[in-house]
>>> print(open('my_file10.cif').read())   # mmCIF, C-alpha atoms
data_target
#
loop_
_atom_site.label_atom_id
_atom_site.label_comp_id
_atom_site.auth_asym_id
_atom_site.auth_seq_id
_atom_site.Cartn_x
_atom_site.Cartn_y
_atom_site.Cartn_z
CA ARG A 1098 -193.17 -64.70 -130.35
CA ARG A 1099 -196.00 -63.12 -132.29
CA ARG A 1100 -197.17 -64.07 -135.74
CA PRO A 1101 -197.95 -60.94 -137.80
CA ASN A 1102 -200.52 -61.27 -140.52
CA SER A 1103 -202.63 -58.87 -142.48
CA THR A 1104 -206.26 -58.73 -143.52
CA MET A 1105 -208.23 -56.52 -145.85
CA SER A 1106 -211.17 -54.28 -145.05
CA ASP A 1107 -213.31 -52.44 -147.58
CA ALA A 1108 -211.14 -49.33 -147.23
CA PRO A 1109 -208.45 -48.75 -149.86
CA PRO A 1110 -204.79 -49.28 -149.04
CA SER A 1111 -203.01 -46.39 -147.37
CA GLU A 1112 -199.41 -45.24 -147.04
CA PRO A 1113 -198.57 -43.92 -143.56
CA ARG A 1114 -195.96 -41.21 -143.15
CA ASP A 1115 -192.21 -41.61 -142.77
CA ALA A 1116 -191.07 -43.01 -139.43
CA PRO A 1117 -189.12 -40.65 -137.21
CA LYS A 1118 -185.83 -41.73 -135.68
CA GLY A 1119 -185.15 -39.93 -132.43
CA ALA A 1120 -186.08 -39.64 -128.80
CA VAL A 1121 -189.38 -40.55 -127.18
CA VAL A 1122 -190.68 -37.60 -125.19
CA VAL A 1123 -193.42 -38.58 -122.76
CA VAL A 1124 -195.63 -35.86 -121.29
CA GLY A 1125 -197.83 -37.49 -118.71
CA SER A 1126 -198.72 -38.59 -115.23
CA ALA A 1127 -196.58 -39.90 -112.41
CA ASN A 1128 -197.90 -41.22 -109.15
CA VAL A 1129 -197.39 -43.66 -106.31
CA ASP A 1130 -199.74 -46.64 -106.09
CA LEU A 1131 -200.83 -47.63 -102.60
CA VAL A 1132 -201.78 -51.28 -103.16
CA MET A 1133 -203.76 -53.37 -100.66
CA ASN A 1134 -205.12 -56.90 -100.95
CA PRO A 1135 -208.04 -57.59 -98.59
CA ARG A 1136 -210.18 -60.70 -98.95
CA ASP A 1137 -213.19 -58.61 -99.98
CA LEU A 1138 -213.61 -55.15 -101.45
CA PRO A 1139 -215.08 -52.61 -99.02
CA SER A 1140 -218.71 -51.67 -99.52
CA PRO A 1141 -220.01 -48.19 -98.60
CA GLY A 1142 -219.62 -47.58 -94.88
CA VAL A 1143 -217.66 -50.81 -94.28
CA THR A 1144 -214.00 -51.06 -93.25
CA VAL A 1145 -212.00 -54.11 -94.35
CA LEU A 1146 -208.52 -55.18 -93.32
CA ALA A 1147 -205.63 -56.18 -95.58
CA PRO A 1148 -202.57 -58.09 -94.36
CA SER A 1149 -200.25 -55.32 -95.53
CA TYR A 1150 -199.73 -52.82 -98.33
CA LYS A 1151 -197.18 -51.85 -100.97
CA LEU A 1152 -196.02 -48.49 -102.28
CA LEU A 1153 -195.21 -48.82 -105.98
CA PRO A 1154 -194.30 -46.27 -108.68
CA GLY A 1155 -197.05 -45.77 -111.23
CA GLY A 1156 -198.96 -43.39 -113.45
CA LYS A 1157 -199.58 -44.09 -117.13
CA GLY A 1158 -197.04 -41.54 -118.30
CA ALA A 1159 -194.28 -42.78 -116.03
CA ASN A 1160 -195.13 -46.42 -116.75
CA GLN A 1161 -194.90 -45.90 -120.50
CA ALA A 1162 -191.67 -43.92 -120.26
CA TYR A 1163 -190.20 -46.72 -118.15
CA ALA A 1164 -191.35 -49.33 -120.70
CA CYS A 1165 -189.82 -47.37 -123.60
CA ALA A 1166 -186.47 -47.24 -121.83
CA LYS A 1167 -186.50 -50.90 -120.78
CA LEU A 1168 -187.57 -52.08 -124.22
CA GLY A 1169 -184.85 -50.59 -126.34
CA CYS A 1170 -185.33 -46.84 -126.76
CA LYS A 1171 -181.96 -45.16 -126.26
CA SER A 1172 -183.31 -41.70 -125.47
CA VAL A 1173 -186.44 -41.27 -123.34
CA ARG A 1174 -187.43 -37.97 -121.72
CA PHE A 1175 -190.24 -37.76 -119.17
CA ILE A 1176 -192.05 -34.47 -118.61
CA GLY A 1177 -194.55 -34.21 -115.81
CA ALA A 1178 -195.01 -32.82 -112.32
CA THR A 1179 -194.63 -34.09 -108.76
CA GLY A 1180 -194.82 -32.59 -105.33
CA ASP A 1181 -191.71 -31.75 -103.36
CA ASP A 1182 -192.16 -34.81 -101.16
CA ASP A 1183 -190.97 -38.35 -100.50
CA PHE A 1184 -193.38 -39.89 -103.01
CA SER A 1185 -191.62 -37.97 -105.79
CA LYS A 1186 -188.34 -39.62 -104.87
CA LEU A 1187 -189.87 -43.08 -105.35
CA VAL A 1188 -191.40 -42.20 -108.72
CA LEU A 1189 -188.45 -40.32 -110.18
CA GLY A 1190 -185.85 -42.70 -108.78
CA ASN A 1191 -187.55 -45.59 -110.56
CA LEU A 1192 -187.43 -43.72 -113.88
CA GLU A 1193 -183.83 -42.63 -113.46
CA ALA A 1194 -182.79 -46.21 -112.68
CA ALA A 1195 -184.19 -47.22 -116.09
CA GLY A 1196 -182.25 -44.48 -117.86
CA VAL A 1197 -185.11 -42.01 -118.33
CA ASP A 1198 -184.23 -38.30 -118.41
CA VAL A 1199 -186.41 -36.61 -115.74
CA THR A 1200 -184.95 -33.11 -115.94
CA GLY A 1201 -188.23 -31.93 -117.46
CA VAL A 1202 -190.24 -32.83 -114.34
CA ALA A 1203 -191.51 -29.83 -112.37
CA LYS A 1204 -191.60 -29.88 -108.58
CA ARG A 1205 -194.81 -28.20 -107.40
CA ALA A 1206 -194.61 -26.96 -103.83
CA ASP A 1207 -198.37 -26.34 -103.82
CA HIS A 1208 -199.34 -29.85 -105.01
CA PRO A 1209 -198.52 -33.30 -103.63
CA THR A 1210 -197.25 -36.10 -105.84
CA ALA A 1211 -200.27 -37.96 -107.20
CA CYS A 1212 -201.33 -41.10 -105.37
CA ALA A 1213 -203.62 -43.97 -106.37
CA SER A 1214 -205.38 -46.20 -103.88
CA VAL A 1215 -205.54 -49.65 -105.45
CA VAL A 1216 -207.57 -52.29 -103.62
CA VAL A 1217 -207.58 -55.79 -105.13
CA ASP A 1218 -209.60 -58.59 -103.50
CA ALA A 1219 -208.97 -62.34 -103.47
CA ARG A 1220 -210.96 -62.77 -106.71
CA GLY A 1221 -208.89 -60.18 -108.56
CA GLU A 1222 -211.64 -57.54 -108.58
CA ASN A 1223 -210.40 -54.04 -107.85
CA GLN A 1224 -211.34 -50.55 -106.78
CA ILE A 1225 -209.08 -47.65 -107.75
CA CYS A 1226 -209.20 -44.00 -106.82
CA VAL A 1227 -206.54 -41.55 -107.99
CA GLY A 1228 -205.71 -38.30 -106.24
CA SER A 1229 -204.34 -36.31 -109.20
CA GLY A 1230 -202.24 -33.90 -107.15
CA ALA A 1231 -199.38 -32.49 -109.23
CA ASN A 1232 -200.53 -34.32 -112.38
CA ALA A 1233 -203.23 -31.66 -112.68
CA ALA A 1234 -200.50 -29.01 -112.82
CA VAL A 1235 -198.53 -30.39 -115.79
CA ALA A 1236 -198.12 -27.48 -118.23
CA ALA A 1237 -197.48 -27.44 -121.97
CA ASP A 1238 -194.61 -24.95 -121.68
CA GLN A 1239 -192.58 -27.65 -119.94
CA LEU A 1240 -192.20 -29.20 -123.41
CA ASP A 1241 -190.46 -26.12 -124.83
CA GLY A 1242 -186.92 -26.90 -125.94
CA ARG A 1243 -187.27 -30.59 -125.11
CA ILE A 1244 -188.60 -31.96 -128.40
CA ALA A 1245 -187.28 -31.73 -131.94
CA ARG A 1246 -187.91 -32.92 -135.46
CA GLY A 1247 -187.61 -36.72 -135.63
CA ASP A 1248 -188.70 -37.26 -132.01
CA VAL A 1249 -191.95 -38.92 -130.96
CA LEU A 1250 -194.28 -37.28 -128.44
CA LEU A 1251 -196.22 -39.80 -126.33
CA MET A 1252 -199.18 -38.70 -124.21
CA GLN A 1253 -202.10 -40.15 -122.27
CA MET A 1254 -205.27 -38.71 -120.70
CA GLU A 1255 -204.13 -38.29 -117.08
CA VAL A 1256 -203.00 -34.68 -117.53
CA PRO A 1257 -205.28 -31.71 -118.29
CA THR A 1258 -206.85 -31.79 -121.75
CA PRO A 1259 -205.64 -28.26 -122.65
CA THR A 1260 -202.09 -29.42 -121.85
CA LEU A 1261 -202.48 -32.41 -124.17
CA GLU A 1262 -203.86 -30.27 -126.99
CA ALA A 1263 -201.13 -27.64 -126.67
CA CYS A 1264 -198.37 -30.27 -126.53
CA VAL A 1265 -199.67 -31.97 -129.66
CA ALA A 1266 -199.63 -28.62 -131.48
CA LYS A 1267 -196.06 -27.88 -130.32
CA ALA A 1268 -194.83 -31.31 -131.39
CA LYS A 1269 -196.38 -31.09 -134.85
CA ALA A 1270 -195.04 -27.56 -135.33
CA CYS A 1271 -191.47 -28.77 -134.85
CA GLY A 1272 -191.87 -31.87 -137.02
CA ALA A 1273 -192.20 -34.53 -134.34
CA ALA A 1274 -194.57 -37.50 -134.59
CA VAL A 1275 -197.33 -37.87 -132.00
CA ALA A 1276 -198.82 -40.93 -130.31
CA VAL A 1277 -201.71 -40.61 -127.87
CA ASN A 1278 -202.93 -43.43 -125.67
CA VAL A 1279 -206.52 -42.36 -125.03
CA ALA A 1280 -206.61 -43.75 -121.51
CA PRO A 1281 -208.51 -43.23 -119.38
CA SER A 1282 -211.05 -42.34 -122.05
CA ALA A 1283 -213.75 -40.64 -119.95
CA ASN A 1284 -212.68 -37.24 -121.33
CA ALA A 1285 -212.22 -38.38 -124.93
CA SER A 1286 -215.01 -36.06 -126.05
CA ALA A 1287 -213.17 -33.05 -124.57
CA VAL A 1288 -210.38 -33.44 -127.14
CA GLY A 1289 -211.00 -31.46 -130.33
CA VAL A 1290 -211.34 -33.34 -133.60
CA ASP A 1291 -208.49 -31.28 -135.05
CA VAL A 1292 -206.25 -32.73 -132.34
CA TYR A 1293 -207.31 -36.27 -133.23
CA ARG A 1294 -206.50 -35.49 -136.86
CA ALA A 1295 -203.06 -34.15 -135.95
CA VAL A 1296 -202.10 -37.31 -134.07
CA ASP A 1297 -200.08 -39.95 -135.93
CA PHE A 1298 -201.08 -42.90 -133.70
CA LEU A 1299 -204.18 -43.31 -131.55
CA ILE A 1300 -203.66 -46.27 -129.22
CA VAL A 1301 -206.71 -47.67 -127.43
CA ASN A 1302 -208.26 -50.82 -126.04
CA GLN A 1303 -211.75 -51.89 -127.12
CA HIS A 1304 -213.54 -49.91 -124.40
CA GLU A 1305 -211.55 -46.74 -125.10
CA LEU A 1306 -212.15 -47.16 -128.84
CA LYS A 1307 -215.91 -46.76 -128.33
CA ASP A 1308 -215.41 -43.49 -126.45
CA VAL A 1309 -213.07 -42.16 -129.13
CA CYS A 1310 -215.50 -43.17 -131.87
CA ASP A 1311 -218.34 -41.34 -130.12
CA ALA A 1312 -216.12 -38.29 -129.62
CA VAL A 1313 -214.99 -38.16 -133.24
CA GLY A 1314 -218.53 -38.77 -134.49
CA ALA A 1315 -219.92 -35.95 -132.35
CA HIS A 1316 -217.48 -33.49 -133.97
CA HIS A 1317 -217.94 -34.72 -137.55
CA LEU A 1318 -220.73 -33.10 -139.53
CA THR A 1319 -220.70 -35.31 -142.64
CA ALA A 1320 -220.32 -38.80 -141.17
CA SER A 1321 -221.95 -40.67 -138.31
CA PRO A 1322 -220.37 -43.38 -136.15
CA PRO A 1323 -221.29 -46.94 -137.17
CA THR A 1324 -224.26 -48.52 -135.45
CA SER A 1325 -222.25 -51.72 -135.07
CA SER A 1326 -220.32 -52.19 -131.83
CA ALA A 1327 -217.67 -54.36 -133.53
CA ALA A 1328 -214.18 -53.04 -132.84
CA ALA A 1329 -213.21 -53.28 -136.50
CA ASP A 1330 -216.11 -51.09 -137.64
CA LEU A 1331 -215.41 -48.49 -134.96
CA ALA A 1332 -211.69 -48.41 -135.72
CA VAL A 1333 -212.20 -48.08 -139.48
CA PHE A 1334 -214.54 -45.14 -138.86
CA VAL A 1335 -212.02 -43.37 -136.62
CA ALA A 1336 -209.10 -44.06 -138.98
CA ARG A 1337 -210.99 -42.81 -142.03
CA THR A 1338 -212.47 -39.76 -140.30
CA THR A 1339 -209.26 -38.58 -138.66
CA GLU A 1340 -206.77 -39.99 -141.21
CA THR A 1341 -204.84 -41.33 -138.21
CA ILE A 1342 -203.37 -44.78 -137.60
CA VAL A 1343 -205.55 -46.48 -134.97
CA VAL A 1344 -203.93 -49.18 -132.86
CA VAL A 1345 -206.40 -51.37 -130.97
CA THR A 1346 -205.21 -53.77 -128.27
CA LEU A 1347 -207.38 -56.89 -127.97
CA GLY A 1348 -206.04 -58.64 -124.87
CA ALA A 1349 -205.40 -62.32 -125.50
CA ALA A 1350 -206.40 -61.83 -129.16
CA GLY A 1351 -203.39 -59.58 -129.83
CA ALA A 1352 -203.72 -56.23 -131.56
CA LYS A 1353 -204.86 -54.68 -134.83
CA LEU A 1354 -203.62 -51.60 -136.64
CA PHE A 1355 -206.08 -49.73 -138.86
CA LEU A 1356 -204.33 -47.59 -141.45
CA PRO A 1357 -206.01 -44.38 -142.58
CA ARG A 1358 -207.25 -43.48 -146.02
CA ARG A 1359 -204.42 -41.14 -147.04
CA PRO A 1360 -205.41 -38.11 -149.11
CA ARG A 1361 -203.61 -37.69 -152.43
CA GLY A 1362 -200.48 -35.59 -152.04
CA VAL A 1363 -199.89 -36.31 -148.35
CA PRO A 1364 -196.47 -37.96 -147.83
CA ALA A 1365 -196.16 -41.36 -146.15
CA ARG A 1366 -195.56 -41.28 -142.36
CA VAL A 1367 -194.40 -44.75 -141.45
CA ASP A 1368 -192.69 -47.59 -143.28
CA ARG A 1369 -195.30 -50.25 -144.02
CA GLY A 1370 -192.68 -52.98 -144.12
CA ASP A 1371 -193.83 -56.16 -145.82
CA ALA A 1372 -197.53 -55.29 -145.85
CA PRO A 1373 -197.74 -52.89 -148.81
CA GLU A 1374 -201.22 -53.93 -149.91
CA THR A 1375 -203.06 -53.90 -146.58
CA ASP A 1376 -205.03 -51.36 -144.61
CA VAL A 1377 -205.42 -53.59 -141.54
CA ILE A 1378 -202.52 -55.34 -139.82
CA ALA A 1379 -203.38 -58.04 -137.27
CA VAL A 1380 -200.81 -59.33 -134.81
CA ASP A 1381 -201.29 -62.35 -132.54
CA ALA A 1382 -200.50 -62.22 -128.85
CA ALA A 1383 -197.40 -64.10 -127.77
CA PRO A 1384 -198.31 -67.68 -126.79
CA LEU A 1385 -197.49 -68.90 -123.31
CA ARG A 1386 -194.53 -71.25 -123.12
CA ASP A 1387 -194.51 -74.47 -121.11
CA GLY A 1388 -194.81 -73.70 -117.43
CA GLU A 1389 -195.89 -70.09 -117.97
CA ALA A 1390 -199.15 -68.67 -116.67
CA ILE A 1391 -200.84 -65.27 -116.63
CA VAL A 1392 -200.10 -63.82 -113.20
CA ASP A 1393 -201.24 -60.20 -113.46
CA THR A 1394 -202.37 -58.05 -116.38
CA VAL A 1395 -202.05 -54.72 -114.53
CA GLY A 1396 -199.83 -52.45 -116.62
CA ALA A 1397 -200.01 -54.66 -119.72
CA GLY A 1398 -201.45 -51.81 -121.78
CA ASP A 1399 -198.69 -49.44 -120.69
CA ALA A 1400 -196.05 -52.03 -121.58
CA PHE A 1401 -197.59 -52.45 -125.05
CA VAL A 1402 -197.68 -48.70 -125.67
CA GLY A 1403 -194.09 -48.25 -124.50
CA ALA A 1404 -192.80 -51.08 -126.68
CA PHE A 1405 -194.75 -49.91 -129.73
CA VAL A 1406 -193.60 -46.29 -129.50
CA ALA A 1407 -190.00 -47.29 -128.75
CA ARG A 1408 -189.98 -49.17 -132.06
CA VAL A 1409 -191.64 -46.29 -133.90
CA ALA A 1410 -188.81 -44.05 -132.68
CA ARG A 1411 -186.29 -46.54 -134.13
CA GLY A 1412 -187.93 -46.27 -137.54
CA ASP A 1413 -189.21 -49.86 -137.64
CA SER A 1414 -192.06 -50.92 -139.92
CA LEU A 1415 -195.57 -50.97 -138.54
CA ILE A 1416 -195.60 -54.77 -138.52
CA ARG A 1417 -192.34 -54.87 -136.57
CA CYS A 1418 -193.60 -52.27 -134.07
CA ALA A 1419 -196.75 -54.25 -133.42
CA ALA A 1420 -195.04 -57.63 -133.32
CA VAL A 1421 -192.50 -56.50 -130.73
CA ALA A 1422 -195.19 -54.82 -128.60
#
>>> encode(input="my_file10.cif", output="structure tokens")
Amino acid sequence: RRRPNSTMSDAPPSEPRDAPKGAVVVVGSANVDLVMNPRDLPSPGVTVLAPSYKLLPGGKGANQAYACAKLGCKSVRFIGATGDDDFSKLVLGNLEAAGVDVTGVAKRADHPTACASVVVDARGENQICVGSGANAAVAADQLDGRIARGDVLLMQMEVPTPTLEACVAKAKACGAAVAVNVAPSANASAVGVDVYRAVDFLIVNQHELKDVCDAVGAHHLTASPPTSSAAADLAVFVARTTETIVVVTLGAAGAKLFLPRRPRGVPARVDRGDAPETDVIAVDAAPLRDGEAIVDTVGAGDAFVGAFVARVARGDSLIRCAAVA
């Protein structure tokens, strides 16, 4: 259970655009995670031993498509690229088992399926290195004919930036909504400000929010990013500057949605539900029940994004989308 509530900032109320009702189309990464659990992380030049290892399906794009399908979205299409190898069978088989349409995935004979080495020690600290492989070959033309008005395009930052930008343009041209999870955010500054403005939902954690704020501020000639490092100040700046709904995940503190200042004459994008007078919606994290404990937070962000976008595709109010996620 989550308890939605709303708070006011100094920005005026806004009216997001009408919610689409259609498929979720995910263009993103797919990889296999090679997970090992030694007692200690290796230092440079040192070999450590782990009792065993696991091969698990992963990649932010595939994870979020899987979450959308498992959390109620009736039509989920995944578009990406894999090698023509055994790793691709593990990744795609996992998606197909959840009901995700993978006919838009390209098999690249000249690239292997991406693989991430994930080393987690006894204290929970980790080292991760991703070999991008076929993820670096995902192309925007793979989206052609696979998205329509009323659908939602969902993307992340594990495919080439030109692919992301071109896919956003294609989706907007056909009347689809767009959600971008700016993760990982190291290349946030490579995305043009016009792309940020075209996006309907920017979904970030607190660390990614700072990178997006810096990126948007660097492109904006009439406004500078706030000097404060507070998440609320950064999010309000991004929402106002890009006129995009900014969704910030806050870990155990839940999540906040920052609604943009909507210019006069621009139609509403999303049903605001029972929060007609707010420009910030705060949602508590679900409390642990008796006997429950936090076991592992890996993938929590992907699960949130998948749940949120699945509800957007159903046409739910913003409060409902956030509360379910």
>>> atom_distance(input="my_file10.cif", atom1="CA of Arg1337 (chain A)", atom2="CA of Asp1376 (chain A)")
10.7 Å
>>> closest_atom_pairs(input="my_file10.cif", of="region 1222-1252 of chain A", to="region 1388-1408 of chain A", cutoff="12 Å", atoms="all atoms listed in the file", output="Markdown table")
| residue | atom | partner | partner_atom | distance |
| --- | --- | --- | --- | --- |
| A:Glu1222 | CA | A:Val1395 | CA | 11.6 |
| A:Asn1223 | CA | A:Val1395 | CA | 10.7 |
| A:Asp1248 | CA | A:Val1406 | CA | 10.6 |
| A:Val1249 | CA | A:Val1406 | CA | 7.7 |
| A:Leu1250 | CA | A:Val1406 | CA | 9.1 |
| A:Leu1251 | CA | A:Val1406 | CA | 7.7 |
| A:Met1252 | CA | A:Val1402 | CA | 10.2 |
>>> closest_residue(input="my_file10.cif", among="A:Ile1342, A:Ala1245, A:Val1421, A:Ala1315", to="Val1288 (chain A)", atoms="all atoms listed in the file")
A:Ala1315
>>> atom_distance(input="my_file10.cif", atom1="CA of Val1275 (chain A)", atom2="CA of Ala1329 (chain A)")
22.6 Å
>>> closest_residue(input="my_file10.cif", among="A:Val1188, A:Ala1295, A:Ala1382, A:Val1309", to="Thr1341 (chain A)", atoms="only C-alpha atoms")
A:Ala1295
>>> resolve_selection(input="my_file10.cif", expression="the PyMOL selection byres ((chain A and resi 1181) around 9)", output="count of residues only")
14
>>> residues_around(input="my_file10.cif", residues="region 1350-1353 of chain A", least_positions_apart="4", cutoff="7 Å", atoms="only C-alpha atoms", output="count of residues only")
9
>>> atom_distance(input="my_file10.cif", atom1="CA of Thr1260 (chain A)", atom2="CA of Leu1153 (chain A)")
26.0 Å
